[in-house]
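The structure file data.csv is reproduced below (CSV, C-alpha atoms).
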chain,number,residue,atom,x,y,z
A,1,MET,CA,21.3,33.2,41.4
A,2,THR,CA,20.1,36.2,39.4
A,3,PRO,CA,22.6,37.8,36.9
A,4,LYS,CA,23.2,41.4,37.8
A,5,PHE,CA,23.6,42.6,34.2
A,6,ASN,CA,21.5,42.3,31.2
A,7,ILE,CA,22.2,42.3,27.5
A,8,GLY,CA,23.1,45.8,26.4
A,9,ASP,CA,24.3,47.0,29.9
A,10,ARG,CA,27.6,48.9,29.9
A,11,VAL,CA,30.1,47.4,32.2
A,12,ARG,CA,33.7,48.2,33.3
A,13,VAL,CA,36.2,45.5,33.9
A,14,ARG,CA,37.8,45.7,37.3
A,15,VAL,CA,41.6,46.0,37.7
A,16,GLY,CA,43.3,43.4,39.8
A,17,ALA,CA,46.1,40.8,40.1
A,18,PRO,CA,45.0,38.2,42.6
A,19,PRO,CA,47.8,35.8,43.7
A,20,GLY,CA,46.3,32.7,42.2
A,21,HIS,CA,44.6,31.7,39.0
A,22,PHE,CA,42.1,34.0,37.3
A,23,ARG,CA,40.7,34.4,33.8
A,24,THR,CA,40.6,38.2,33.2
A,25,PRO,CA,43.3,39.2,30.9
A,26,ALA,CA,45.4,42.2,31.9
A,27,TYR,CA,44.8,43.9,28.5
A,28,ILE,CA,41.0,44.2,29.2
A,29,GLN,CA,41.2,45.4,32.8
A,30,GLY,CA,39.8,48.9,33.3
A,31,LYS,CA,38.1,48.8,29.9
A,32,THR,CA,34.4,49.5,29.3
A,33,GLY,CA,32.2,47.3,27.1
A,34,ALA,CA,28.6,46.2,26.6
A,35,VAL,CA,27.1,42.9,27.6
A,36,GLU,CA,26.5,40.9,24.5
A,37,ALA,CA,25.2,37.6,26.1
A,38,VAL,CA,24.5,36.2,29.5
A,39,HIS,CA,25.8,32.7,29.6
A,40,GLY,CA,24.4,31.7,33.0
A,41,ALA,CA,26.0,30.7,36.3
A,42,PHE,CA,29.3,28.9,36.3
A,43,PRO,CA,31.6,27.7,39.1
A,44,ASN,CA,34.3,30.2,39.9
A,45,PRO,CA,37.6,29.0,38.3
A,46,GLU,CA,39.6,30.9,40.9
A,47,SER,CA,38.3,28.6,43.5
A,48,LEU,CA,38.4,25.4,41.3
A,49,ALA,CA,42.0,26.0,40.5
A,50,CYS,CA,42.9,25.5,44.2
A,51,GLY,CA,40.7,22.5,44.9
A,52,GLY,CA,37.8,24.5,46.0
A,53,ASP,CA,34.2,23.8,45.0
A,54,GLY,CA,33.8,26.9,42.8
A,55,LEU,CA,31.0,28.3,44.9
A,56,PRO,CA,29.3,30.6,44.9
A,57,ALA,CA,28.8,30.3,41.2
A,58,GLN,CA,29.3,33.4,39.2
A,59,ALA,CA,27.3,34.7,36.3
A,60,LEU,CA,29.4,34.6,33.2
A,61,TYR,CA,28.9,37.2,30.4
A,62,LEU,CA,30.1,37.7,26.9
A,63,VAL,CA,31.2,41.4,26.9
A,64,ARG,CA,31.9,43.3,23.7
A,65,PHE,CA,34.5,46.0,23.4
A,66,GLY,CA,35.5,48.4,20.6
A,67,GLN,CA,39.0,47.7,19.5
A,68,THR,CA,39.8,51.4,19.2
A,69,HIS,CA,38.9,51.7,22.9
A,70,VAL,CA,40.9,48.7,24.0
A,71,TRP,CA,44.2,49.5,22.2
A,72,GLU,CA,45.9,52.8,21.9
A,73,GLY,CA,46.8,53.2,18.2
A,74,TYR,CA,44.4,50.6,16.8
A,75,CYS,CA,43.9,52.0,13.4
A,76,ALA,CA,42.8,49.0,11.3
A,77,SER,CA,39.1,49.7,11.3
A,78,PRO,CA,36.9,51.6,13.8
A,79,LYS,CA,34.2,48.9,13.4
A,80,ASP,CA,36.3,46.1,14.9
A,81,GLN,CA,35.2,44.4,18.1
A,82,LEU,CA,36.8,42.3,20.8
A,83,LEU,CA,34.5,39.9,22.7
A,84,ILE,CA,35.5,38.2,26.0
A,85,ASP,CA,33.8,36.0,28.5
A,86,LEU,CA,34.0,37.6,31.9
A,87,TYR,CA,32.8,36.6,35.3
A,88,GLU,CA,30.4,38.9,37.2
A,89,HIS,CA,32.7,39.6,40.1
A,90,TRP,CA,35.1,41.2,37.6
A,91,LEU,CA,32.5,43.6,36.3
A,92,GLU,CA,31.1,46.8,37.7
A,93,PRO,CA,28.2,48.9,36.3
A,94,VAL,CA,29.0,52.1,34.4
B,1,MET,CA,58.8,-4.6,36.1
B,2,HIS,CA,56.4,-3.0,33.7
B,3,ASP,CA,53.0,-4.4,32.9
B,4,HIS,CA,52.3,-1.8,30.2
B,5,ASP,CA,53.4,-1.0,26.7
B,6,HIS,CA,57.1,-0.4,26.3
B,7,ALA,CA,56.6,1.2,22.9
B,8,ALA,CA,56.3,4.7,24.3
B,9,ILE,CA,59.9,4.9,25.3
B,10,GLN,CA,60.9,4.1,21.8
B,11,ASP,CA,58.8,7.0,20.4
B,12,ASP,CA,61.9,8.9,19.3
B,13,PRO,CA,65.4,7.7,19.0
B,14,GLN,CA,66.5,10.6,21.3
B,15,PRO,CA,63.7,11.1,23.7
B,16,THR,CA,63.9,14.5,25.3
B,17,LEU,CA,64.1,15.1,29.0
B,18,TYR,CA,60.4,15.9,29.2
B,19,GLU,CA,59.4,12.9,27.1
B,20,ARG,CA,61.4,10.7,29.5
B,21,ARG,CA,59.8,12.4,32.4
B,22,ALA,CA,56.4,11.9,30.9
B,23,HIS,CA,57.0,8.2,30.5
B,24,ALA,CA,58.3,7.9,34.1
B,25,ILE,CA,55.2,9.7,35.5
B,26,GLU,CA,52.8,7.6,33.4
B,27,SER,CA,54.5,4.3,34.4
B,28,LEU,CA,54.4,5.2,38.1
B,29,LEU,CA,50.8,6.2,38.0
B,30,ILE,CA,49.9,3.0,36.2
B,31,GLU,CA,51.9,0.9,38.7
B,32,LYS,CA,50.1,2.6,41.6
B,33,GLY,CA,46.7,2.1,40.0
B,34,VAL,CA,46.0,5.8,39.7
B,35,VAL,CA,45.3,5.4,36.0
B,36,THR,CA,45.3,2.4,33.7
B,37,THR,CA,47.0,1.6,30.4
B,38,ASP,CA,43.6,1.1,28.8
B,39,GLU,CA,42.5,4.5,29.8
B,40,ILE,CA,45.5,6.1,28.2
B,41,ARG,CA,45.2,4.0,25.0
B,42,ARG,CA,41.4,4.9,24.8
B,43,GLY,CA,42.2,8.5,25.3
B,44,VAL,CA,44.7,8.5,22.5
B,45,GLU,CA,42.1,6.7,20.2
B,46,ILE,CA,39.5,9.4,21.0
B,47,LEU,CA,42.0,12.1,20.3
B,48,ASP,CA,42.8,10.6,16.9
B,49,SER,CA,39.2,10.1,16.1
B,50,ARG,CA,38.3,13.8,16.3
B,51,THR,CA,38.9,15.7,13.1
B,52,PRO,CA,37.6,18.9,11.6
B,53,THR,CA,35.2,16.7,9.5
B,54,GLN,CA,32.7,16.9,12.4
B,55,GLY,CA,32.7,20.6,12.4
B,56,ALA,CA,32.5,20.7,8.6
B,57,ARG,CA,29.3,18.6,8.8
B,58,VAL,CA,27.7,21.1,11.2
B,59,VAL,CA,28.6,24.0,8.9
B,60,ALA,CA,27.4,22.3,5.8
B,61,ARG,CA,24.0,21.5,7.4
B,62,ALA,CA,23.8,25.2,8.6
B,63,TRP,CA,24.4,26.3,5.0
B,64,ALA,CA,21.8,23.9,3.6
B,65,ASP,CA,19.1,24.3,6.2
B,66,ALA,CA,18.1,27.7,7.5
B,67,GLY,CA,16.1,26.3,10.4
B,68,PHE,CA,19.1,24.3,11.5
B,69,LYS,CA,21.3,27.4,11.3
B,70,ALA,CA,18.9,29.4,13.4
B,71,ARG,CA,19.0,26.6,16.0
B,72,LEU,CA,22.7,26.4,15.8
B,73,LEU,CA,23.1,30.1,16.5
B,74,ALA,CA,20.7,29.9,19.4
B,75,ASP,CA,21.9,26.7,21.1
B,76,ALA,CA,24.9,25.1,19.3
B,77,ARG,CA,25.2,22.3,21.7
B,78,SER,CA,21.7,21.0,21.1
B,79,ALA,CA,21.9,21.6,17.3
B,80,VAL,CA,25.2,19.6,17.1
B,81,ARG,CA,23.5,16.7,19.0
B,82,GLU,CA,20.7,16.7,16.3
B,83,LEU,CA,23.4,15.4,13.9
B,84,GLY,CA,24.4,12.7,16.3
B,85,LEU,CA,27.7,14.4,17.0
B,86,ASP,CA,29.3,15.0,20.4
B,87,PRO,CA,29.5,18.7,21.1
B,88,GLY,CA,32.2,18.1,23.8
B,89,ALA,CA,32.5,18.4,27.5
B,90,SER,CA,32.1,22.1,27.7
B,91,THR,CA,28.7,23.1,28.9
B,92,VAL,CA,28.3,25.8,26.3
B,93,LEU,CA,29.3,25.7,22.7
B,94,ARG,CA,28.6,28.9,20.7
B,95,ALA,CA,28.6,29.2,16.9
B,96,VAL,CA,29.3,32.6,15.4
B,97,GLU,CA,28.4,33.4,11.8
B,98,ASN,CA,30.5,35.2,9.2
B,99,THR,CA,28.5,37.4,6.9
B,100,ASP,CA,29.3,40.1,4.4
B,101,GLN,CA,29.3,42.6,7.2
B,102,ALA,CA,31.2,40.6,10.0
B,103,HIS,CA,34.1,38.2,10.2
B,104,ASN,CA,34.8,36.3,13.4
B,105,LEU,CA,38.2,35.1,14.7
B,106,ILE,CA,38.7,32.8,17.7
B,107,VAL,CA,41.7,32.8,20.1
B,108,CYS,CA,42.5,31.8,23.7
B,109,THR,CA,45.1,34.3,24.8
B,110,LEU,CA,45.5,32.7,28.3
B,111,CYS,CA,46.1,29.1,27.2
B,112,SER,CA,44.7,27.2,24.2
B,113,CYS,CA,40.9,26.7,24.6
B,114,TYR,CA,39.5,25.2,21.4
B,115,PRO,CA,36.4,23.3,20.3
B,116,ARG,CA,38.3,20.0,20.1
B,117,ALA,CA,35.2,17.8,19.9
B,118,LEU,CA,34.3,19.4,16.5
B,119,LEU,CA,37.7,20.3,15.2
B,120,GLY,CA,40.1,17.8,16.7
B,121,LEU,CA,43.4,19.0,18.1
B,122,PRO,CA,44.4,22.6,17.6
B,123,PRO,CA,47.3,23.3,15.3
B,124,ASP,CA,50.6,24.4,16.9
B,125,TRP,CA,50.1,28.0,15.6
B,126,TYR,CA,46.8,28.4,17.5
B,127,LYS,CA,48.6,27.6,20.7
B,128,SER,CA,51.7,29.7,19.9
B,129,LEU,CA,52.6,32.7,21.9
B,130,SER,CA,52.6,34.8,18.7
B,131,TYR,CA,49.0,34.0,17.7
B,132,ARG,CA,47.7,34.4,21.3
B,133,SER,CA,49.3,37.8,21.5
B,134,ARG,CA,48.5,39.2,18.1
B,135,ALA,CA,45.0,37.8,17.4
B,136,VAL,CA,43.5,40.3,19.8
B,137,VAL,CA,45.5,43.4,19.1
B,138,ASP,CA,46.2,42.9,15.3
B,139,PRO,CA,43.6,40.5,13.9
B,140,ARG,CA,43.8,42.0,10.4
B,141,GLY,CA,47.6,41.6,10.4
B,142,VAL,CA,47.1,38.0,11.5
B,143,LEU,CA,44.5,37.4,8.8
B,144,ARG,CA,46.8,39.0,6.2
B,145,GLU,CA,49.6,36.6,7.2
B,146,PHE,CA,47.1,33.7,6.6
B,147,GLY,CA,46.3,35.2,3.2
B,148,LEU,CA,43.0,36.9,4.0
B,149,GLU,CA,42.5,40.6,3.4
B,150,LEU,CA,39.2,42.2,4.6
B,151,ARG,CA,37.8,45.5,3.7
B,152,PRO,CA,37.6,48.1,6.5
B,153,GLU,CA,33.8,48.1,6.2
B,154,VAL,CA,33.8,44.5,7.4
B,155,GLU,CA,33.6,44.3,11.2
B,156,VAL,CA,36.3,41.9,12.5
B,157,ARG,CA,35.1,40.3,15.8
B,158,VAL,CA,37.7,38.6,17.8
B,159,TYR,CA,36.5,36.2,20.5
B,160,ASP,CA,39.0,35.5,23.4
B,161,SER,CA,37.9,32.2,24.9
B,162,THR,CA,38.6,33.0,28.6
B,163,ALA,CA,36.1,30.7,30.2
B,164,ASP,CA,34.3,27.4,29.5
B,165,ILE,CA,32.5,28.6,26.4
B,166,ARG,CA,33.9,27.1,23.2
B,167,TYR,CA,33.5,29.0,20.0
B,168,ILE,CA,33.3,27.8,16.4
B,169,VAL,CA,33.0,30.0,13.4
B,170,ILE,CA,30.4,29.3,10.7
B,171,PRO,CA,32.2,30.6,7.6
B,172,ALA,CA,30.2,32.4,4.9
B,173,ARG,CA,28.8,30.0,2.2
B,174,PRO,CA,30.8,30.6,-1.0
B,175,ALA,CA,29.0,31.9,-4.0
B,176,GLY,CA,27.9,29.5,-6.7
B,177,THR,CA,27.4,26.5,-4.4
B,178,GLU,CA,23.6,26.3,-4.6
B,179,GLY,CA,23.6,23.0,-6.5
B,180,LEU,CA,26.0,21.2,-4.2
B,181,SER,CA,25.1,18.3,-1.9
B,182,GLU,CA,25.7,18.6,1.8
B,183,GLU,CA,28.6,16.3,1.5
B,184,GLU,CA,30.1,18.4,-1.2
B,185,LEU,CA,29.5,21.6,0.9
B,186,ALA,CA,31.3,20.0,3.9
B,187,GLY,CA,34.3,19.4,1.6
B,188,LEU,CA,34.6,23.2,1.2
B,189,VAL,CA,34.8,23.8,5.0
B,190,THR,CA,38.3,23.8,6.3
B,191,ARG,CA,39.5,23.8,9.9
B,192,ASP,CA,41.0,27.2,9.4
B,193,SER,CA,37.7,28.6,8.2
B,194,MET,CA,36.1,27.4,11.5
B,195,ILE,CA,38.7,29.1,13.5
B,196,GLY,CA,38.3,32.3,11.4
B,197,VAL,CA,41.7,32.7,9.8
B,198,ALA,CA,40.4,31.7,6.4
B,199,LYS,CA,37.3,31.7,4.4
B,200,ALA,CA,35.7,28.4,3.2
B,201,LEU,CA,37.1,27.1,0.0
B,202,ASP,CA,35.7,28.7,-3.1
B,203,LEU,CA,34.8,26.8,-6.3
B,204,THR,CA,36.1,29.6,-8.5
B,205,HIS,CA,39.3,30.6,-6.7
B,206,PRO,CA,42.0,28.3,-5.4
B,207,PRO,CA,43.0,28.7,-1.7
B,208,PRO,CA,45.6,31.5,-1.2
B,209,PRO,CA,49.2,30.4,-1.2
B,210,PRO,CA,50.7,30.1,2.3
B,211,SER,CA,52.8,33.0,3.5
B,212,PRO,CA,56.6,32.4,3.6
B,213,SER,CA,56.6,32.1,7.4
B,214,GLY,CA,55.0,28.6,7.4
B,215,ARG,CA,53.5,25.8,5.4
B,216,GLY,CA,49.8,26.4,6.0
B,217,ARG,CA,47.2,23.8,5.3
B,218,GLY,CA,43.7,23.0,6.3
C,1,MET,CA,52.4,43.7,34.7
C,2,PRO,CA,50.7,40.7,33.0
C,3,ARG,CA,51.8,37.2,34.2
C,4,VAL,CA,53.7,35.1,31.7
C,5,HIS,CA,50.7,33.1,30.5
C,6,ASP,CA,48.7,36.3,29.9
C,7,ARG,CA,49.8,36.9,26.3
C,8,GLY,CA,47.1,39.2,24.8
C,9,GLY,CA,48.5,42.2,23.0
C,10,ARG,CA,52.2,41.8,23.8
C,11,PRO,CA,54.2,44.2,21.7
C,12,ASP,CA,57.1,41.9,20.9
C,13,ALA,CA,55.1,39.1,19.3
C,14,GLY,CA,56.6,38.1,16.0
C,15,PRO,CA,55.3,36.3,12.9
C,16,ILE,CA,53.2,33.1,13.4
C,17,ASP,CA,54.9,29.9,12.5
C,18,ARG,CA,52.3,28.0,10.6
C,19,THR,CA,54.1,24.7,10.2
C,20,GLU,CA,51.7,21.8,10.5
C,21,ARG,CA,52.7,18.5,12.2
C,22,GLU,CA,51.2,15.5,13.8
C,23,LEU,CA,51.6,15.3,17.6
C,24,SER,CA,54.3,12.8,18.6
C,25,PRO,CA,53.1,9.7,20.5
C,26,TRP,CA,54.4,10.9,23.8
C,27,GLU,CA,52.5,14.1,23.5
C,28,LYS,CA,49.3,12.3,22.7
C,29,ARG,CA,49.8,10.1,25.8
C,30,VAL,CA,50.3,13.2,27.9
C,31,ASP,CA,47.0,14.6,26.6
C,32,ALA,CA,45.3,11.2,27.3
C,33,LEU,CA,46.9,11.1,30.8
C,34,ARG,CA,45.5,14.5,31.6
C,35,GLY,CA,42.1,13.3,30.4
C,36,ALA,CA,42.3,10.2,32.5
C,37,LEU,CA,43.3,12.2,35.6
C,38,GLY,CA,40.4,14.6,34.8
C,39,SER,CA,37.9,11.8,34.4
C,40,ARG,CA,38.9,10.4,37.8
C,41,GLY,CA,38.5,13.8,39.4
C,42,LEU,CA,42.2,14.0,40.3
C,43,VAL,CA,43.1,17.0,38.2
C,44,ARG,CA,40.7,19.7,37.1
C,45,ALA,CA,41.2,21.8,34.0
C,46,ASP,CA,41.5,24.8,36.2
C,47,GLU,CA,44.1,23.2,38.4
C,48,LEU,CA,46.2,22.3,35.3
C,49,ARG,CA,46.0,25.8,34.1
C,50,ARG,CA,47.0,27.1,37.5
C,51,ALA,CA,50.0,24.8,37.6
C,52,ILE,CA,51.0,25.8,34.1
C,53,GLU,CA,50.7,29.5,35.0
C,54,ALA,CA,52.9,28.8,38.1
C,55,LEU,CA,55.9,27.7,36.0
C,56,ASP,CA,58.6,30.3,36.2
C,57,PRO,CA,58.4,32.7,33.2
C,58,GLU,CA,61.6,31.5,31.6
C,59,THR,CA,60.5,27.9,31.7
C,60,TYR,CA,57.0,28.8,30.4
C,61,GLU,CA,58.4,30.6,27.4
C,62,LYS,CA,61.1,28.0,26.6
C,63,LEU,CA,59.1,24.8,26.9
C,64,SER,CA,56.8,23.4,24.2
C,65,TYR,CA,53.1,23.1,24.8
C,66,TYR,CA,53.1,19.5,26.0
C,67,GLU,CA,56.3,20.0,28.0
C,68,ARG,CA,54.4,22.6,29.9
C,69,TRP,CA,51.6,20.2,30.5
C,70,ILE,CA,53.8,17.4,31.8
C,71,ALA,CA,55.7,19.8,34.0
C,72,ALA,CA,52.4,21.0,35.4
C,73,ILE,CA,51.1,17.4,35.8
C,74,GLU,CA,54.3,16.5,37.7
C,75,ALA,CA,53.9,19.5,40.0
C,76,LEU,CA,50.2,18.6,40.7
C,77,MET,CA,51.0,14.9,41.3
C,78,ILE,CA,53.6,15.9,43.9
C,79,GLU,CA,51.3,18.5,45.4
C,80,LYS,CA,48.5,16.0,45.8
C,81,GLY,CA,50.8,13.4,47.3
C,82,LEU,CA,50.3,10.9,44.5
C,83,LEU,CA,54.0,10.9,43.5
C,84,THR,CA,57.2,12.2,44.9
C,85,ARG,CA,60.0,14.0,43.0
C,86,GLU,CA,62.4,11.3,44.2
C,87,GLU,CA,60.5,8.4,42.8
C,88,ILE,CA,60.1,10.2,39.5
C,89,ASP,CA,63.8,10.9,39.3
C,90,ARG,CA,64.5,7.3,40.2
C,91,LYS,CA,62.2,6.0,37.5
C,92,VAL,CA,63.7,8.2,34.9
C,93,ARG,CA,67.2,6.9,35.8
C,94,GLU,CA,65.9,3.3,35.7
C,95,ASP,CA,64.3,3.8,32.3
C,96,ASP,CA,67.5,5.2,31.0
C,97,THR,CA,69.5,2.1,31.9
Show me the file's structure as structure tokens.
Amino acid sequence: MTPKFNIGDRVRVRVGAPPGHFRTPAYIQGKTGAVEAVHGAFPNPESLACGGDGLPAQALYLVRFGQTHVWEGYCASPKDQLLIDLYEHWLEPV
Amino acid sequence: MHDHDHAAIQDDPQPTLYERRAHAIESLLIEKGVVTTDEIRRGVEILDSRTPTQGARVVARAWADAGFKARLLADARSAVRELGLDPGASTVLRAVENTDQAHNLIVCTLCSCYPRALLGLPPDWYKSLSYRSRAVVDPRGVLREFGLELRPEVEVRVYDSTADIRYIVIPARPAGTEGLSEEELAGLVTRDSMIGVAKALDLTHPPPPPSPSGRGRG
Amino acid sequence: MPRVHDRGGRPDAGPIDRTERELSPWEKRVDALRGALGSRGLVRADELRRAIEALDPETYEKLSYYERWIAAIEALMIEKGLLTREEIDRKVREDDT
């Protein structure tokens, strides 16, 4: 399994609300960030949560977002960042 | 007929509904051979054995040994193993470093993911709905509540542990600690500094007083 | 509309209660029970999370952390056919007498 994204790539988080378990917080959906790290392939928690085998494994990324981009009215500091681990199937290229 | 320890039901003079339910479920699973009393007892022992001391040792070594710190930042799991410590079940452990320019804060907004192998059990506040909510959107407000004010020039980096990666913060080494032994250095590393809501203890300044909302420690 | 467990950035979040306490023995046993079930491949972490997330919102927000865990473990034990609601209810009544 080859990760689709590399460190530095800009990615946008998909918007969605699947019926079962998923690990993409609502607050980050639709936001754009940069890949900070590529963690490798992991079983899909959405499948594991319902007794599935978690396959196909998904590449997992640490993605960095500017706080002022994520939150309207974030005025503490323009430097602040938010970093979240996100699965490849939740990311699209920008 | 119970072949297991009755002590659990006397935990509390007025066990709550859920405590009683927990005891019933545990009893039934033991009776049916799904789990054993020994497993539960061992599990509690392991829980009790894990404390922030383990994480503090890792940080102290990172402060004292630049090569170790580099290895810790590159592959925390392997580096922790060098010290004979258990990095935990999670496949990936990641250490993130505080510097003059950047301060890291860890949260799990969706549940309570926490590097338990190195820090022990998380405090209630880490698992609270308030912390989970505010750490991502108002990290500086949260830090202020814990008594830590950061200049706007410092980049605050919040990690939301949404997957199986466990994060631990390497707090900045306090000034004036060059002569300290590794053991003494470890004594400056608090649980809160490894979550990111505090700096390591400072030789010259006492820890900040807790805010009125709670009795902080650690 | 975020689900009840998805707490990041909620506007109504208040001050953080920083009271420290030791877990009570029953809470530690729930934690250990979850670990034992996990070691035996009976309950995965992802399944536990899913079952906690499936608690109705009012229950989720009202229950304490380990109360949510045992409620979820109960639901999973019943779902997987390892226990029934009736026998748990019966055992609770027996223990009370």
Check: For B:Leu93, which residue among A:Pro18, A:His39, A:Gln67, A:Asp9 is the nearest when counting only C-alpha atoms?
Finding: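 Closest to B:Leu93 of all the choices is A:His39.
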Could you give me, as JSON lines, every chain C residue with an atom at most 6 Å from chain B, plus its closest atom pair and distance in Å to one decimal, counting all atoms listed in the file, rows ordered by chain then number?
{"residue": "C:His5", "atom": "CA", "partner": "B:Leu110", "partner_atom": "CA", "distance": 5.7}
{"residue": "C:Asp6", "atom": "CA", "partner": "B:Leu110", "partner_atom": "CA", "distance": 5.1}
{"residue": "C:Arg7", "atom": "CA", "partner": "B:Ser133", "partner_atom": "CA", "distance": 4.9}
{"residue": "C:Gly8", "atom": "CA", "partner": "B:Ser133", "partner_atom": "CA", "distance": 4.2}
{"residue": "C:Gly9", "atom": "CA", "partner": "B:Ser133", "partner_atom": "CA", "distance": 4.7}
{"residue": "C:Arg10", "atom": "CA", "partner": "B:Ser133", "partner_atom": "CA", "distance": 5.4}
{"residue": "C:Ala13", "atom": "CA", "partner": "B:Ser130", "partner_atom": "CA", "distance": 5.0}
{"residue": "C:Gly14", "atom": "CA", "partner": "B:Ser130", "partner_atom": "CA", "distance": 5.8}
{"residue": "C:Ile16", "atom": "CA", "partner": "B:Ser130", "partner_atom": "CA", "distance": 5.6}
{"residue": "C:Asp17", "atom": "CA", "partner": "B:Gly214", "partner_atom": "CA", "distance": 5.3}
{"residue": "C:Arg18", "atom": "CA", "partner": "B:Gly214", "partner_atom": "CA", "distance": 4.2}
{"residue": "C:Thr19", "atom": "CA", "partner": "B:Gly214", "partner_atom": "CA", "distance": 4.9}
{"residue": "C:Lys28", "atom": "CA", "partner": "B:Val44", "partner_atom": "CA", "distance": 6.0}
{"residue": "C:Ala32", "atom": "CA", "partner": "B:Gly43", "partner_atom": "CA", "distance": 4.6}
{"residue": "C:Leu33", "atom": "CA", "partner": "B:Ile40", "partner_atom": "CA", "distance": 5.8}
{"residue": "C:Glu67", "atom": "CA", "partner": "B:Tyr18", "partner_atom": "CA", "distance": 5.9}
{"residue": "C:Lys91", "atom": "CA", "partner": "B:Ala24", "partner_atom": "CA", "distance": 5.5}
{"residue": "C:Val92", "atom": "CA", "partner": "B:Ala24", "partner_atom": "CA", "distance": 5.5}
Do you have, as a Markdown table, the list of residues of chain A lying at most 6 Å from chain B, each with its nearest atom pair and that distance in Å to one decimal, counting only C-alpha atoms and ordered by chain then number?
| residue | atom | partner | partner_atom | distance |
| --- | --- | --- | --- | --- |
| A:Arg23 | CA | B:Thr162 | CA | 5.8 |
| A:Ser77 | CA | B:Pro152 | CA | 5.3 |
| A:Lys79 | CA | B:Glu155 | CA | 5.1 |
| A:Asp80 | CA | B:Val156 | CA | 4.8 |
| A:Gln81 | CA | B:Arg157 | CA | 4.7 |
| A:Leu82 | CA | B:Val158 | CA | 4.8 |
| A:Leu83 | CA | B:Tyr159 | CA | 4.7 |
| A:Ile84 | CA | B:Asp160 | CA | 5.1 |
| A:Asp85 | CA | B:Thr162 | CA | 5.7 |
Next item on the list: Provide the atom CA of B:Arg71 to atom CA of B:Ile195 distance in Å, to one decimal place.
Entry: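 That distance, rounded to one decimal, is 20.0 Å.
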Margin query: Here's a test: counting all atoms listed in the file, identify every protein, DNA and RNA residue with an atom at most 7 Å from (29.6, 47.7, 19.9) in the file's coordinate frame, and state them as a list in words.
Written below: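 It turns out the residues near that spot are Ala34, Arg64, Phe65, Gly66 and Gln81 of chain A.
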Output file for the residues above (C-alpha atoms, as a PDB file, keeping the file's coordinate frame):
ATOM      1  CA  ALA A  34      28.600  46.200  26.600  1.00  0.00           C
ATOM      2  CA  ARG A  64      31.900  43.300  23.700  1.00  0.00           C
ATOM      3  CA  PHE A  65      34.500  46.000  23.400  1.00  0.00           C
ATOM      4  CA  GLY A  66      35.500  48.400  20.600  1.00  0.00           C
ATOM      5  CA  GLN A  81      35.200  44.400  18.100  1.00  0.00           C
TER       6      GLN A  81
END
Next item on the list: Could you list the residues in chain A lying within 12 Å of chain C, using all atoms listed in the file, and format the result as a PyMOL selection string?
Entry: chain A and resi 15-29+43-54+67+70-72+74+82+84
Contact residues around B:Ala74 with all atoms listed in the file at 12 Å, ignoring same-chain residues under 2 positions, as a PDB file with C-alpha atoms, in the frame of the given file:
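Below you can see part_30.pdb, which holds the result:
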ATOM      1  CA  ALA A  37      25.200  37.600  26.100  1.00  0.00           C
ATOM      2  CA  HIS A  39      25.800  32.700  29.600  1.00  0.00           C
TER       3      HIS A  39
ATOM      4  CA  GLY B  67      16.100  26.300  10.400  1.00  0.00           C
ATOM      5  CA  PHE B  68      19.100  24.300  11.500  1.00  0.00           C
ATOM      6  CA  LYS B  69      21.300  27.400  11.300  1.00  0.00           C
ATOM      7  CA  ALA B  70      18.900  29.400  13.400  1.00  0.00           C
ATOM      8  CA  ARG B  71      19.000  26.600  16.000  1.00  0.00           C
ATOM      9  CA  LEU B  72      22.700  26.400  15.800  1.00  0.00           C
ATOM     10  CA  ALA B  76      24.900  25.100  19.300  1.00  0.00           C
ATOM     11  CA  ARG B  77      25.200  22.300  21.700  1.00  0.00           C
ATOM     12  CA  SER B  78      21.700  21.000  21.100  1.00  0.00           C
ATOM     13  CA  ALA B  79      21.900  21.600  17.300  1.00  0.00           C
ATOM     14  CA  VAL B  80      25.200  19.600  17.100  1.00  0.00           C
ATOM     15  CA  VAL B  92      28.300  25.800  26.300  1.00  0.00           C
ATOM     16  CA  LEU B  93      29.300  25.700  22.700  1.00  0.00           C
ATOM     17  CA  ARG B  94      28.600  28.900  20.700  1.00  0.00           C
ATOM     18  CA  ALA B  95      28.600  29.200  16.900  1.00  0.00           C
ATOM     19  CA  VAL B  96      29.300  32.600  15.400  1.00  0.00           C
ATOM     20  CA  GLU B  97      28.400  33.400  11.800  1.00  0.00           C
TER      21      GLU B  97
END
Item checked: Non-local contacts of A:Pro3 (10 Å; all atoms listed in the file; under 5 positions in same chain excluded) as a ChimeraX atom specification -> /A:38-41,58-61,88
Report the centre and edge lengths, in Å to one decimal, of an axis-aligned box enclosing every atom of stretch 71-84 of chain B listed in the file, padded by 8 Å on each side, as JSON.
{"center_x": 22.1, "center_y": 21.4, "center_z": 17.8, "size_x": 22.2, "size_y": 33.4, "size_z": 23.8}
Item checked: Atomic distance atom CA of B:Leu148 - atom CA of B:Ala60, expressed in Å with one decimal -> 21.4 Å
Check: Can you tell me how far atom CA of B:Ala198 sits from atom CA of B:Pro115, in Å to one decimal?
Finding: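 Between atom CA of B:Ala198 and atom CA of B:Pro115 the gap works out to 16.7 Å.
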Check: Counting all atoms listed in the file, what is within 10 Å of C:Met77, bar same-chain residues fewer than 3 positions away, as number ranges by chain?
Finding: B: 25, 29; C: 37, 42-43, 71-74, 80-85
Next item on the list: Rank nothing, just name the residue among B:Asp75, B:Asp100, B:Glu149, B:Glu82 nearest to B:Val197, using only C-alpha atoms.
Entry: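 Nearest candidate to B:Val197 out of B:Asp75, B:Asp100, B:Glu149, B:Glu82: B:Glu149.
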Next item on the list: Go through B:Ile30, B:Leu118, B:Cys113, B:Val59 one by one, measure the shortest atom-to-atom distance of each to B:Arg173 using all atoms listed in the file, and give the residue with the smallest value.
Entry: B:Val59
